[in-house]
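Asks: Data file start-v7.cif (mmCIF, C-alpha atoms) is appended below.
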```
data_structure
#
loop_
_atom_site.label_atom_id
_atom_site.label_comp_id
_atom_site.auth_asym_id
_atom_site.auth_seq_id
_atom_site.Cartn_x
_atom_site.Cartn_y
_atom_site.Cartn_z
CA MET A 1 0.00 0.00 0.00
CA THR A 2 1.40 3.38 -0.92
CA SER A 3 1.76 6.16 1.61
CA GLU A 4 -0.84 8.19 -0.31
CA HIS A 5 -3.44 5.39 -0.01
CA ARG A 6 -2.49 4.65 3.56
CA SER A 7 -2.68 8.28 4.69
CA ALA A 8 -6.09 8.80 3.12
CA SER A 9 -7.60 6.21 5.51
CA VAL A 10 -5.80 7.34 8.68
CA THR A 11 -6.99 10.20 10.89
CA PRO A 12 -4.14 12.62 11.64
CA ALA A 13 -2.78 12.01 15.14
CA HIS A 14 -0.33 13.41 17.67
CA ILE A 15 2.73 11.16 17.58
CA ALA A 16 5.53 11.80 20.08
CA MET A 17 9.08 10.58 19.46
CA PHE A 18 11.63 10.35 22.29
CA SER A 19 15.40 9.96 21.86
CA ILE A 20 18.80 10.93 23.27
CA ALA A 21 21.39 13.35 21.92
CA ALA A 22 23.49 10.89 19.94
CA HIS A 23 23.87 10.87 16.15
CA GLY A 24 23.54 7.08 15.92
CA HIS A 25 20.21 7.19 17.75
CA VAL A 26 18.66 10.32 16.21
CA ASN A 27 19.69 10.06 12.55
CA PRO A 28 18.00 6.69 11.81
CA SER A 29 14.62 8.07 12.91
CA LEU A 30 14.61 11.38 11.04
CA GLU A 31 13.27 10.22 7.69
CA VAL A 32 10.48 8.28 9.39
CA ILE A 33 9.52 11.42 11.30
CA ARG A 34 9.64 13.50 8.10
CA GLU A 35 7.33 11.00 6.39
CA LEU A 36 4.83 11.03 9.28
CA VAL A 37 4.72 14.83 9.15
CA ALA A 38 4.20 14.70 5.37
CA ARG A 39 1.22 12.41 5.95
CA GLY A 40 -0.45 15.08 8.05
CA HIS A 41 0.35 13.91 11.56
CA ARG A 42 1.37 16.34 14.29
CA VAL A 43 4.70 15.05 15.49
CA THR A 44 6.61 16.20 18.56
CA TYR A 45 10.15 15.02 19.23
CA ALA A 46 11.62 15.04 22.75
CA ILE A 47 15.34 15.73 22.41
CA PRO A 48 18.11 17.75 24.12
CA PRO A 49 18.75 21.20 22.54
CA VAL A 50 21.86 20.18 20.56
CA PHE A 51 19.62 18.30 18.07
CA ALA A 52 16.73 20.78 18.03
CA ASP A 53 17.51 22.22 14.58
CA LYS A 54 17.98 18.78 13.02
CA VAL A 55 14.62 17.64 14.39
CA ALA A 56 12.84 20.86 13.40
CA ALA A 57 14.02 20.39 9.79
CA THR A 58 11.77 17.31 9.54
CA GLY A 59 8.69 19.39 10.36
CA ALA A 60 8.34 17.94 13.86
CA ARG A 61 8.22 20.23 16.89
CA PRO A 62 11.21 19.74 19.19
CA VAL A 63 10.30 19.27 22.86
CA LEU A 64 13.50 20.14 24.66
CA TYR A 65 14.77 18.58 27.86
CA HIS A 66 18.05 18.69 29.77
CA SER A 67 20.21 15.57 29.48
CA THR A 68 23.13 14.46 31.65
CA LEU A 69 24.60 12.22 28.94
CA PRO A 70 27.88 13.20 27.22
CA LYS A 71 27.26 15.84 24.57
CA PRO A 72 28.38 14.97 21.01
CA SER A 73 29.38 18.61 20.46
CA ASN A 74 31.76 18.69 23.45
CA PRO A 75 35.11 16.92 22.96
CA GLU A 76 35.75 17.15 26.71
CA GLU A 77 32.82 14.82 27.41
CA SER A 78 33.17 11.21 26.36
CA TRP A 79 31.39 7.91 26.84
CA PRO A 80 32.94 5.40 29.25
CA GLU A 81 34.66 2.43 27.65
CA ASP A 82 32.89 -0.25 29.73
CA GLN A 83 29.25 -1.14 29.22
CA GLU A 84 28.46 -1.20 32.95
CA SER A 85 29.35 2.48 33.34
CA ALA A 86 27.49 3.41 30.15
CA MET A 87 24.32 1.69 31.35
CA GLY A 88 24.59 3.60 34.61
CA LEU A 89 24.70 6.86 32.67
CA PHE A 90 21.54 5.92 30.75
CA LEU A 91 19.69 5.10 33.97
CA ASN A 92 20.79 8.32 35.69
CA ASP A 93 19.68 10.33 32.68
CA ALA A 94 16.32 8.56 32.51
CA ILE A 95 15.56 9.22 36.18
CA GLN A 96 16.28 12.94 35.90
CA ALA A 97 14.57 13.30 32.48
CA LEU A 98 11.27 11.65 33.38
CA PRO A 99 9.78 14.54 35.42
CA GLN A 100 10.89 17.04 32.77
CA LEU A 101 9.16 15.07 30.02
CA ALA A 102 6.05 14.40 32.10
CA ASP A 103 5.69 18.15 32.67
CA ALA A 104 6.34 18.97 29.00
CA TYR A 105 3.52 16.66 27.86
CA ALA A 106 1.12 17.19 30.77
CA ASP A 107 -1.34 19.14 28.62
CA ASP A 108 -0.55 17.45 25.31
CA ILE A 109 -0.67 13.69 25.75
CA PRO A 110 0.10 11.95 22.43
CA ASP A 111 -1.95 9.28 20.71
CA LEU A 112 1.13 7.12 20.21
CA VAL A 113 4.69 7.09 21.54
CA LEU A 114 7.70 6.34 19.36
CA HIS A 115 11.00 5.90 21.14
CA ASP A 116 14.61 5.05 20.68
CA ILE A 117 15.73 1.91 22.54
CA THR A 118 17.64 4.06 25.06
CA SER A 119 14.66 6.23 26.01
CA TYR A 120 13.40 4.54 29.18
CA PRO A 121 11.20 7.53 30.16
CA ALA A 122 9.18 7.15 26.94
CA ARG A 123 8.05 3.66 27.87
CA VAL A 124 7.21 4.72 31.42
CA LEU A 125 5.12 7.62 30.12
CA ALA A 126 3.35 5.52 27.49
CA ARG A 127 2.16 3.17 30.23
CA ARG A 128 1.17 6.07 32.46
CA TRP A 129 -0.85 7.62 29.62
CA GLY A 130 -2.30 4.32 28.40
CA VAL A 131 -1.17 4.84 24.81
CA PRO A 132 0.65 2.40 22.49
CA ALA A 133 4.44 2.56 22.27
CA VAL A 134 6.61 1.52 19.33
CA SER A 135 10.37 1.17 19.60
CA LEU A 136 12.53 2.34 16.70
CA SER A 137 15.64 0.22 17.02
CA PRO A 138 18.74 1.59 15.27
CA ASN A 139 20.70 -1.61 15.88
CA LEU A 140 20.33 -5.34 16.45
CA VAL A 141 17.56 -6.73 18.65
CA ALA A 142 17.25 -9.65 21.06
CA TRP A 143 16.47 -13.05 19.59
CA LYS A 144 14.96 -16.11 21.28
CA GLY A 145 17.82 -17.36 23.43
CA TYR A 146 19.62 -14.01 23.63
CA GLU A 147 19.48 -13.89 27.42
CA GLU A 148 21.09 -17.30 27.89
CA GLU A 149 23.64 -16.89 25.11
CA VAL A 150 24.68 -13.23 25.46
CA ALA A 151 23.10 -11.19 28.25
CA GLU A 152 23.53 -13.59 31.16
CA PRO A 153 27.23 -14.38 30.48
CA MET A 154 28.00 -10.71 29.81
CA TRP A 155 26.35 -9.48 33.02
CA ARG A 156 27.16 -12.44 35.31
CA GLU A 157 30.25 -10.82 36.77
CA PRO A 158 28.98 -7.22 36.97
CA ARG A 159 25.86 -8.43 38.79
CA GLN A 160 28.06 -9.78 41.58
CA THR A 161 29.85 -6.48 42.17
CA GLU A 162 28.61 -3.89 44.64
CA ARG A 163 28.23 -1.38 41.80
CA GLY A 164 26.30 -3.86 39.66
CA ARG A 165 23.91 -4.79 42.48
CA ALA A 166 23.33 -1.11 43.22
CA TYR A 167 22.55 -0.44 39.53
CA TYR A 168 19.89 -3.18 39.37
CA ALA A 169 18.41 -2.22 42.74
CA ARG A 170 18.10 1.41 41.65
CA PHE A 171 16.60 0.46 38.27
CA GLU A 172 14.03 -1.88 39.87
CA ALA A 173 13.09 0.72 42.49
CA TRP A 174 12.58 3.37 39.80
CA LEU A 175 10.39 1.05 37.74
CA LYS A 176 8.29 0.08 40.77
CA GLU A 177 7.83 3.76 41.68
CA ASN A 178 6.26 4.08 38.23
CA GLY A 179 4.04 1.02 38.51
CA ILE A 180 6.21 -1.32 36.45
CA THR A 181 7.09 -4.75 37.87
CA GLU A 182 9.23 -6.08 35.00
CA HIS A 183 12.87 -6.91 35.55
CA PRO A 184 15.11 -4.08 34.24
CA ASP A 185 16.63 -6.34 31.55
CA THR A 186 13.19 -7.28 30.23
CA PHE A 187 12.01 -3.67 30.36
CA ALA A 188 15.08 -2.39 28.50
CA SER A 189 15.49 -5.14 25.92
CA HIS A 190 12.00 -6.46 25.16
CA PRO A 191 9.59 -3.78 23.88
CA PRO A 192 6.06 -4.92 23.06
CA ARG A 193 6.43 -3.61 19.48
CA SER A 194 9.52 -2.60 17.57
CA LEU A 195 10.46 -1.49 14.08
CA VAL A 196 14.06 -2.40 13.36
CA LEU A 197 15.77 0.24 11.24
CA ILE A 198 18.51 -2.08 10.00
CA PRO A 199 18.61 -4.66 7.24
CA LYS A 200 17.80 -8.20 8.31
CA ALA A 201 21.16 -9.26 6.86
CA LEU A 202 22.91 -7.53 9.78
CA GLN A 203 20.79 -9.17 12.51
CA PRO A 204 22.44 -12.12 14.27
CA HIS A 205 20.19 -15.20 14.46
CA ALA A 206 17.52 -13.43 12.43
CA ASP A 207 15.59 -16.71 12.13
CA ARG A 208 15.07 -16.65 15.92
CA VAL A 209 13.74 -13.09 16.17
CA ASP A 210 10.07 -12.86 17.22
CA GLU A 211 8.38 -11.44 14.12
CA ASP A 212 5.19 -10.65 16.07
CA VAL A 213 7.21 -8.02 17.94
CA TYR A 214 10.03 -7.02 15.58
CA THR A 215 9.66 -5.95 11.95
CA PHE A 216 12.77 -5.22 9.90
CA VAL A 217 12.22 -2.24 7.65
CA GLY A 218 15.87 -1.67 6.76
CA ALA A 219 17.65 1.65 6.34
CA CYS A 220 15.42 4.74 6.36
CA GLN A 221 17.61 7.14 4.44
CA GLY A 222 16.54 10.28 2.65
CA ASP A 223 17.78 13.45 1.08
CA ARG A 224 20.80 14.81 2.95
CA ALA A 225 21.21 17.88 0.76
CA GLU A 226 21.33 20.14 3.82
CA GLU A 227 24.59 18.44 4.84
CA GLY A 228 26.28 19.67 1.69
CA GLY A 229 27.96 17.67 -1.03
CA TRP A 230 31.40 16.43 -2.00
CA GLN A 231 33.12 16.47 -5.37
CA ARG A 232 35.60 13.83 -6.50
CA PRO A 233 38.92 15.56 -7.31
CA ALA A 234 40.37 15.24 -10.80
CA GLY A 235 42.55 12.17 -11.13
CA ALA A 236 40.96 10.34 -8.19
CA GLU A 237 40.16 6.94 -9.70
CA LYS A 238 39.40 5.44 -6.28
CA VAL A 239 38.22 7.17 -3.12
CA VAL A 240 38.68 5.80 0.39
CA LEU A 241 36.75 7.38 3.25
CA VAL A 242 37.92 7.02 6.85
CA SER A 243 35.62 7.79 9.79
CA LEU A 244 35.37 6.48 13.34
CA GLY A 245 32.00 8.15 13.85
CA SER A 246 31.38 10.92 16.35
CA ALA A 247 32.20 9.49 19.79
CA PHE A 248 35.46 7.49 19.82
CA THR A 249 37.55 9.64 17.51
CA LYS A 250 40.67 10.42 19.55
CA GLN A 251 42.96 8.18 17.50
CA PRO A 252 45.75 10.33 15.98
CA ALA A 253 48.13 7.39 15.57
CA PHE A 254 45.49 5.45 13.61
CA TYR A 255 44.81 8.44 11.36
CA ARG A 256 48.55 8.79 10.69
CA GLU A 257 48.62 5.12 9.57
CA CYS A 258 45.75 5.85 7.18
CA VAL A 259 47.71 8.76 5.69
CA ARG A 260 50.77 6.53 5.30
CA ALA A 261 48.62 3.81 3.70
CA PHE A 262 46.99 5.93 0.99
CA GLY A 263 49.00 9.13 0.80
CA ASN A 264 50.61 9.36 -2.66
CA LEU A 265 49.10 6.00 -3.68
CA PRO A 266 48.62 6.44 -7.46
CA GLY A 267 44.98 6.92 -8.47
CA TRP A 268 43.71 6.96 -4.87
CA HIS A 269 42.25 9.86 -2.88
CA LEU A 270 41.85 9.74 0.92
CA VAL A 271 39.07 11.60 2.77
CA LEU A 272 39.78 11.56 6.49
CA GLN A 273 37.19 12.59 9.08
CA ILE A 274 38.94 13.08 12.43
CA GLY A 275 36.23 14.55 14.67
CA ARG A 276 36.77 17.25 17.29
CA LYS A 277 39.29 15.52 19.54
CA VAL A 278 42.25 15.55 17.10
CA THR A 279 43.74 18.45 15.15
CA PRO A 280 45.08 18.22 11.59
CA ALA A 281 48.47 19.37 12.91
CA GLU A 282 48.76 16.08 14.83
CA LEU A 283 48.80 14.19 11.54
CA GLY A 284 51.94 15.86 10.21
CA GLU A 285 52.53 16.93 6.62
CA LEU A 286 49.78 15.71 4.30
CA PRO A 287 50.27 14.55 0.69
CA PRO A 288 48.14 16.32 -1.98
CA ASN A 289 45.78 13.35 -2.35
CA VAL A 290 44.69 13.54 1.31
CA GLU A 291 41.98 15.83 2.70
CA VAL A 292 41.21 16.12 6.42
CA HIS A 293 37.99 17.38 8.03
CA GLN A 294 36.35 17.39 11.45
CA TRP A 295 33.12 16.33 9.75
CA VAL A 296 32.14 15.28 6.23
CA PRO A 297 28.86 14.66 4.34
CA GLN A 298 29.39 10.93 4.71
CA LEU A 299 26.47 9.58 2.71
CA ASP A 300 27.31 11.73 -0.32
CA ILE A 301 30.96 10.61 -0.24
CA LEU A 302 29.91 6.96 0.04
CA THR A 303 27.98 7.28 -3.23
CA LYS A 304 31.40 7.86 -4.85
CA ALA A 305 33.69 5.77 -2.60
CA SER A 306 35.57 2.60 -3.48
CA ALA A 307 36.28 1.62 0.14
CA PHE A 308 35.27 2.70 3.64
CA ILE A 309 37.40 2.39 6.76
CA THR A 310 34.83 2.59 9.54
CA HIS A 311 34.21 2.00 13.23
CA ALA A 312 31.27 -0.19 12.11
CA GLY A 313 28.59 1.84 13.85
CA MET A 314 25.23 0.69 12.57
CA GLY A 315 24.39 3.94 10.76
CA SER A 316 27.69 4.03 8.91
CA THR A 317 27.47 0.34 8.14
CA MET A 318 24.05 0.70 6.54
CA GLU A 319 25.10 3.73 4.51
CA ALA A 320 28.01 1.73 3.09
CA LEU A 321 25.88 -1.33 2.35
CA SER A 322 23.17 0.76 0.65
CA ASN A 323 25.90 2.02 -1.70
CA ALA A 324 27.63 -1.37 -2.06
CA VAL A 325 30.93 -0.10 -0.62
CA PRO A 326 33.34 -2.68 0.86
CA MET A 327 34.59 -1.95 4.37
CA ILE A 328 37.55 -2.29 6.66
CA ALA A 329 35.90 -2.42 10.09
CA VAL A 330 37.95 -1.02 12.97
CA PRO A 331 35.47 -1.20 15.89
CA GLN A 332 35.95 1.08 18.89
CA ALA A 333 33.17 0.24 21.38
CA VAL A 334 30.05 -1.73 22.32
CA ASP A 335 27.95 -3.04 19.39
CA GLN A 336 30.59 -2.10 16.82
CA PHE A 337 32.54 -5.30 17.49
CA GLY A 338 29.49 -7.45 16.78
CA ASN A 339 28.69 -5.42 13.66
CA ALA A 340 32.25 -5.90 12.42
CA ASP A 341 31.95 -9.66 12.94
CA MET A 342 28.67 -9.74 11.00
CA LEU A 343 30.16 -7.76 8.10
CA GLN A 344 33.19 -10.04 7.93
CA GLY A 345 30.91 -13.09 8.07
CA LEU A 346 28.89 -11.70 5.16
CA GLY A 347 32.10 -11.45 3.16
CA VAL A 348 31.88 -7.70 2.53
CA ALA A 349 34.42 -6.44 5.05
CA ARG A 350 37.62 -7.26 6.90
CA LYS A 351 37.77 -6.65 10.65
CA LEU A 352 40.97 -5.16 12.10
CA ALA A 353 41.76 -4.20 15.68
CA THR A 354 42.92 -0.59 16.01
CA GLU A 355 46.39 -1.65 17.11
CA GLU A 356 46.89 -3.96 14.11
CA ALA A 357 45.67 -1.41 11.56
CA THR A 358 49.10 -0.52 10.20
CA ALA A 359 49.62 1.37 6.98
CA ASP A 360 50.79 -1.72 5.14
CA LEU A 361 47.88 -3.88 6.28
CA LEU A 362 45.30 -1.16 5.62
CA ARG A 363 46.60 -0.65 2.08
CA GLU A 364 46.86 -4.37 1.36
CA THR A 365 43.37 -5.06 2.72
CA ALA A 366 41.73 -2.19 0.83
CA LEU A 367 43.31 -3.22 -2.47
CA ALA A 368 42.19 -6.83 -1.97
CA LEU A 369 38.60 -5.88 -1.14
CA VAL A 370 38.23 -3.45 -4.03
CA ASP A 371 39.59 -5.91 -6.57
CA ASP A 372 37.55 -8.94 -5.41
CA PRO A 373 34.56 -9.65 -7.71
CA GLU A 374 32.98 -11.94 -5.10
CA VAL A 375 32.93 -9.10 -2.57
CA ALA A 376 31.25 -6.89 -5.17
CA ARG A 377 28.66 -9.61 -5.91
CA ARG A 378 27.81 -10.01 -2.22
CA LEU A 379 27.45 -6.26 -1.78
CA ARG A 380 25.08 -6.00 -4.75
CA ARG A 381 22.93 -8.81 -3.32
CA ILE A 382 22.67 -7.15 0.11
CA GLN A 383 21.96 -3.79 -1.54
CA ALA A 384 19.06 -5.35 -3.48
CA GLU A 385 17.68 -7.08 -0.35
CA MET A 386 17.78 -3.78 1.55
CA ALA A 387 15.80 -2.06 -1.19
CA GLN A 388 13.06 -4.69 -0.81
CA GLU A 389 12.62 -4.17 2.95
CA GLY A 390 10.54 -1.04 2.49
CA GLY A 391 12.48 1.56 4.45
CA THR A 392 10.82 4.84 5.36
CA ARG A 393 7.39 4.35 3.79
CA ARG A 394 6.90 0.88 5.21
CA ALA A 395 7.96 2.11 8.65
CA ALA A 396 5.38 4.91 8.49
CA ASP A 397 2.67 2.47 7.35
CA LEU A 398 3.42 0.18 10.30
CA ILE A 399 3.39 3.08 12.76
CA GLU A 400 0.01 4.23 11.48
CA ALA A 401 -1.27 0.68 11.91
CA GLU A 402 -0.48 0.95 15.64
CA LEU A 403 -2.53 4.13 16.13
CA PRO A 404 -5.57 3.53 18.32
CA ALA A 405 -8.94 3.81 16.60
CA ARG A 406 -10.56 7.16 17.27
CA HIS A 407 -14.07 8.40 16.71
CA GLY A 408 -15.57 11.78 16.18
#
```
Once more with this new file: its structure as structure tokens, please.
Replies:
Amino acid sequence: MTSEHRSASVTPAHIAMFSIAAHGHVNPSLEVIRELVARGHRVTYAIPPVFADKVAATGARPVLYHSTLPKPSNPEESWPEDQESAMGLFLNDAIQALPQLADAYADDIPDLVLHDITSYPARVLARRWGVPAVSLSPNLVAWKGYEEEVAEPMWREPRQTERGRAYYARFEAWLKENGITEHPDTFASHPPRSLVLIPKALQPHADRVDEDVYTFVGACQGDRAEEGGWQRPAGAEKVVLVSLGSAFTKQPAFYRECVRAFGNLPGWHLVLQIGRKVTPAELGELPPNVEVHQWVPQLDILTKASAFITHAGMGSTMEALSNAVPMIAVPQAVDQFGNADMLQGLGVARKLATEEATADLLRETALALVDDPEVARRLRRIQAEMAQEGGTRRAADLIEAELPARHG
């Protein structure tokens, strides 16, 4: 069913989206929000101020709240390396954000709540208001057996520590205060309904995912013209893009290896995104075929790239796959390691640890990937599968299907 047909039979509603100030959590939702607005819905989007303009550009109304999470615009603030500390930050932020968000929506309760997987307050509020909630997952989801195979072994040791016990006790107490009796792990990892904004090809054990709860709609990408464009320089037969995303970018030694790998390599042009925590001066003298930026219009460059050296964040991974670009995955944190393993298993990438990513190995690996017809064939197949998953329009259709029936 097309969006035009679908919208004609759906009464416009107030849909509220809730997320955190992190590129990898906001960006995947934006095209879905833009589509819902285009269909006539009134959409509000609860977000810290740093993303207000980006949200407003979709036509949604930003509902601003103060967050205690590290700010992507501040290089002095960074995420902790260990998952236990990161989860503590999410819980602390949720507890302080909930009263802000409850006040902001006190006189404007939505018909439906959309939320990023990290937005615990959204699920609490949806239950308080008695409205349906739909998770928009920007990365992999739990499968049948996930707890026994992954979660329990990963958290066994932290649960025995004083800090781990305190985290779970605090989480359970907060949930009970809000009338929720679920265990924190179930509450955080098992939404009643979820749209998964990644291709099914990147989901581990996809055959064991509960399809009554989770629907894979694939990448929801749209026009990024506001980010600007990028022109391939004359003489650049092959372009390699390097980016470690927006959070874990303080890697000057790694960037220097990338310059050594591709600097002055005949026919190759290197685009290096270094973020805000490294200065170009730290990279030394740069050859003429190397350009360095704090930020680049990544998706536009990937439409022209021959290879992508990436941290394997889910957003970057999907952008590369949608353009059939082979990858060297150099994961830095959390889910990036699993993503890198999936990409290598699919035969479209090679995973390298940061410390083993020397100039010689980076160059050798990139040349092998780019020249391998089997890698190209696999990328084209995944690209075609992604196109069939429906993306933005299918996601909007499924969200509208969750709206409660209204009369009058």
Asks: Suppose a student applies the PyMOL selection byres ((chain A and resi 231-236) around 7) to this structure; what residues should they get, written as number ranges by chain?
Replies: A: 229-230, 237-239, 267-269
Asks: Could you work out how far atom CA of Ser119 of chain A lies from atom CA of Ala22 of chain A, giving the answer in Å with one decimal?
Replies: 11.7 Å
Asks: List, as a PyMOL selection string, every residue that the PyMOL selection byres ((chain A and resi 376-378) around 12) selects in the file provided.
Replies: chain A and resi 201+306-307+321+323-327+343-349+368-375+379-385
Asks: So which residues get picked by the PyMOL selection byres ((chain A and resi 172-175) around 12) here, written as a ChimeraX atom specification?
Replies: /A:91-92,94-96,98,120-121,123-125,127-128,165-171,176-188
Asks: Using all atoms listed in the file, which of the listed residues (A:Leu265, A:Val63, A:Met342, A:Val330) sits closest to Ala102 of chain A?
Replies: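 Using all atoms listed in the file, Ala102 of chain A sits closest to A:Val63.
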Asks: Quick one: of A:Gly88, A:Pro132, A:Gly284, A:Pro48, who's nearest to Arg193 of chain A, counting all atoms listed in the file?
Replies: A:Pro132
Asks: If you measure from atom CA of His14 of chain A to atom CA of Arg42 of chain A, what distance in Å do you get, rounded to one decimal?
Replies: 4.8 Å
Asks: When distances are computed from all atoms listed in the file, which of A:Glu157, A:Ile117, A:Met87, A:Phe308 shows the smallest separation from Val334 of chain A?
Replies: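 The shortest atom-to-atom distance to Val334 of chain A comes from A:Met87.
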Asks: With distances taken over only C-alpha atoms, which residue among A:Thr279, A:Thr11, A:Gln203, A:Ser194 lies nearest Ala405 of chain A?
Replies: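 Once distances to Ala405 of chain A are computed over only C-alpha atoms, the minimum belongs to A:Thr11.
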Asks: Just give me the gap between atom CA of Ala56 of chain A and atom CA of Gln294 of chain A in Å, one decimal is fine.
Replies: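 Atom CA of Ala56 of chain A sits 23.8 Å away from atom CA of Gln294 of chain A.
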Asks: Skip Ala353 of chain A itself and residues of its chain fewer than 3 positions away, then list as a list in words all residues within 12 Å of it, counting all atoms listed in the file.
Replies: Phe254, Ile309, Thr310, His311, Ala312, Ile328, Ala329, Val330, Pro331, Gln332, Ala333, Gln336, Phe337, Ala340, Asp341, Arg350, Glu356, Ala357, Thr358, Leu361 and Leu362 of chain A
Asks: Mind listing whatever residues come within 12 Å of the point (49.8, 9.1, 21.1)? Use all atoms listed in the file, file coordinates, and give them as a VMD selection string.
Replies: chain A and resid 250 to 256 278 282 to 283 355
Asks: Take the residues from that selection and put them in a file with C-alpha atoms, as an mmCIF file, keeping the file's coordinate frame.
Replies:
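Below is the file part.cif, written as the result:
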```
data_model
loop_
_atom_site.group_PDB
_atom_site.id
_atom_site.type_symbol
_atom_site.label_atom_id
_atom_site.label_comp_id
_atom_site.auth_asym_id
_atom_site.auth_seq_id
_atom_site.Cartn_x
_atom_site.Cartn_y
_atom_site.Cartn_z
ATOM 1 C CA LYS A 250 40.670 10.420 19.550
ATOM 2 C CA GLN A 251 42.960 8.180 17.500
ATOM 3 C CA PRO A 252 45.750 10.330 15.980
ATOM 4 C CA ALA A 253 48.130 7.390 15.570
ATOM 5 C CA PHE A 254 45.490 5.450 13.610
ATOM 6 C CA TYR A 255 44.810 8.440 11.360
ATOM 7 C CA ARG A 256 48.550 8.790 10.690
ATOM 8 C CA VAL A 278 42.250 15.550 17.100
ATOM 9 C CA GLU A 282 48.760 16.080 14.830
ATOM 10 C CA LEU A 283 48.800 14.190 11.540
ATOM 11 C CA GLU A 355 46.390 -1.650 17.110
#
```
Asks: At a cut-off of 9 Å, using all atoms listed in the file, what residues contact Leu299 of chain A? Leave out same-chain residues fewer than 5 positions from it and give the result as a list in words.
Replies: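 Here the answer would be Arg224, Ser316, Glu319, Ala320 and Asn323 of chain A.
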Asks: Can you write out the residues you just picked, keeping C-alpha atoms, as an mmCIF file, keeping the file's coordinate frame?
Replies:
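For reference, result-v2.cif as written:
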```cif
data_model
loop_
_atom_site.group_PDB
_atom_site.id
_atom_site.type_symbol
_atom_site.label_atom_id
_atom_site.label_comp_id
_atom_site.auth_asym_id
_atom_site.auth_seq_id
_atom_site.Cartn_x
_atom_site.Cartn_y
_atom_site.Cartn_z
ATOM 1 C CA ARG A 224 20.800 14.810 2.950
ATOM 2 C CA SER A 316 27.690 4.030 8.910
ATOM 3 C CA GLU A 319 25.100 3.730 4.510
ATOM 4 C CA ALA A 320 28.010 1.730 3.090
ATOM 5 C CA ASN A 323 25.900 2.020 -1.700
#
```
Asks: For each of A:Arg260, A:Pro70, A:Glu84, A:Ala106, take the minimum atom-to-atom distance to Gly164 of chain A, counting all atoms listed in the file, then give the residue where this is smallest.
Replies: A:Glu84
Asks: Please determine an axis-aligned box that encloses all atoms of segment 29-43 of chain A listed in the file, with 5 Å added on each side, and express its centre and edge lengths in Å to one decimal as AutoDock Vina command-line options.
Replies:
```
--center_x 7.1 --center_y 12.2 --center_z 10.4 --size_x 25.1 --size_y 18.3 --size_z 20.1
```
Asks: Counting all atoms listed in the file, which residue out of A:Gln273, A:Thr118, A:Gln221, A:Ser67 sits closest to Arg393 of chain A?
Replies: A:Gln221
Asks: In file coordinates, which residues lie within 12 Å of (0.6, 10.4, 19.4) using all atoms listed in the file, given as a JSON list (two decimals) with C-alpha atoms, in the frame of the given file?
Replies:
```json
[["chain", "number", "residue", "atom", "x", "y", "z"],
["A", 11, "THR", "CA", -6.99, 10.20, 10.89],
["A", 12, "PRO", "CA", -4.14, 12.62, 11.64],
["A", 13, "ALA", "CA", -2.78, 12.01, 15.14],
["A", 14, "HIS", "CA", -0.33, 13.41, 17.67],
["A", 15, "ILE", "CA", 2.73, 11.16, 17.58],
["A", 16, "ALA", "CA", 5.53, 11.80, 20.08],
["A", 17, "MET", "CA", 9.08, 10.58, 19.46],
["A", 18, "PHE", "CA", 11.63, 10.35, 22.29],
["A", 36, "LEU", "CA", 4.83, 11.03, 9.28],
["A", 37, "VAL", "CA", 4.72, 14.83, 9.15],
["A", 41, "HIS", "CA", 0.35, 13.91, 11.56],
["A", 42, "ARG", "CA", 1.37, 16.34, 14.29],
["A", 43, "VAL", "CA", 4.70, 15.05, 15.49],
["A", 44, "THR", "CA", 6.61, 16.20, 18.56],
["A", 45, "TYR", "CA", 10.15, 15.02, 19.23],
["A", 105, "TYR", "CA", 3.52, 16.66, 27.86],
["A", 108, "ASP", "CA", -0.55, 17.45, 25.31],
["A", 109, "ILE", "CA", -0.67, 13.69, 25.75],
["A", 110, "PRO", "CA", 0.10, 11.95, 22.43],
["A", 111, "ASP", "CA", -1.95, 9.28, 20.71],
["A", 112, "LEU", "CA", 1.13, 7.12, 20.21],
["A", 113, "VAL", "CA", 4.69, 7.09, 21.54],
["A", 114, "LEU", "CA", 7.70, 6.34, 19.36],
["A", 115, "HIS", "CA", 11.00, 5.90, 21.14],
["A", 122, "ALA", "CA", 9.18, 7.15, 26.94],
["A", 125, "LEU", "CA", 5.12, 7.62, 30.12],
["A", 126, "ALA", "CA", 3.35, 5.52, 27.49],
["A", 129, "TRP", "CA", -0.85, 7.62, 29.62],
["A", 130, "GLY", "CA", -2.30, 4.32, 28.40],
["A", 131, "VAL", "CA", -1.17, 4.84, 24.81],
["A", 132, "PRO", "CA", 0.65, 2.40, 22.49],
["A", 133, "ALA", "CA", 4.44, 2.56, 22.27],
["A", 134, "VAL", "CA", 6.61, 1.52, 19.33],
["A", 399, "ILE", "CA", 3.39, 3.08, 12.76],
["A", 400, "GLU", "CA", 0.01, 4.23, 11.48],
["A", 402, "GLU", "CA", -0.48, 0.95, 15.64],
["A", 403, "LEU", "CA", -2.53, 4.13, 16.13],
["A", 404, "PRO", "CA", -5.57, 3.53, 18.32],
["A", 405, "ALA", "CA", -8.94, 3.81, 16.60],
["A", 406, "ARG", "CA", -10.56, 7.16, 17.27]]
```
Asks: What lies within 12 Å of Leu140 of chain A using all atoms listed in the file, ignoring chain neighbours under 6 positions off, as a PyMOL selection string?
Replies: chain A and resi 117+146+189+194-206+209+214-216+218+313-315+334-336+338-339+342
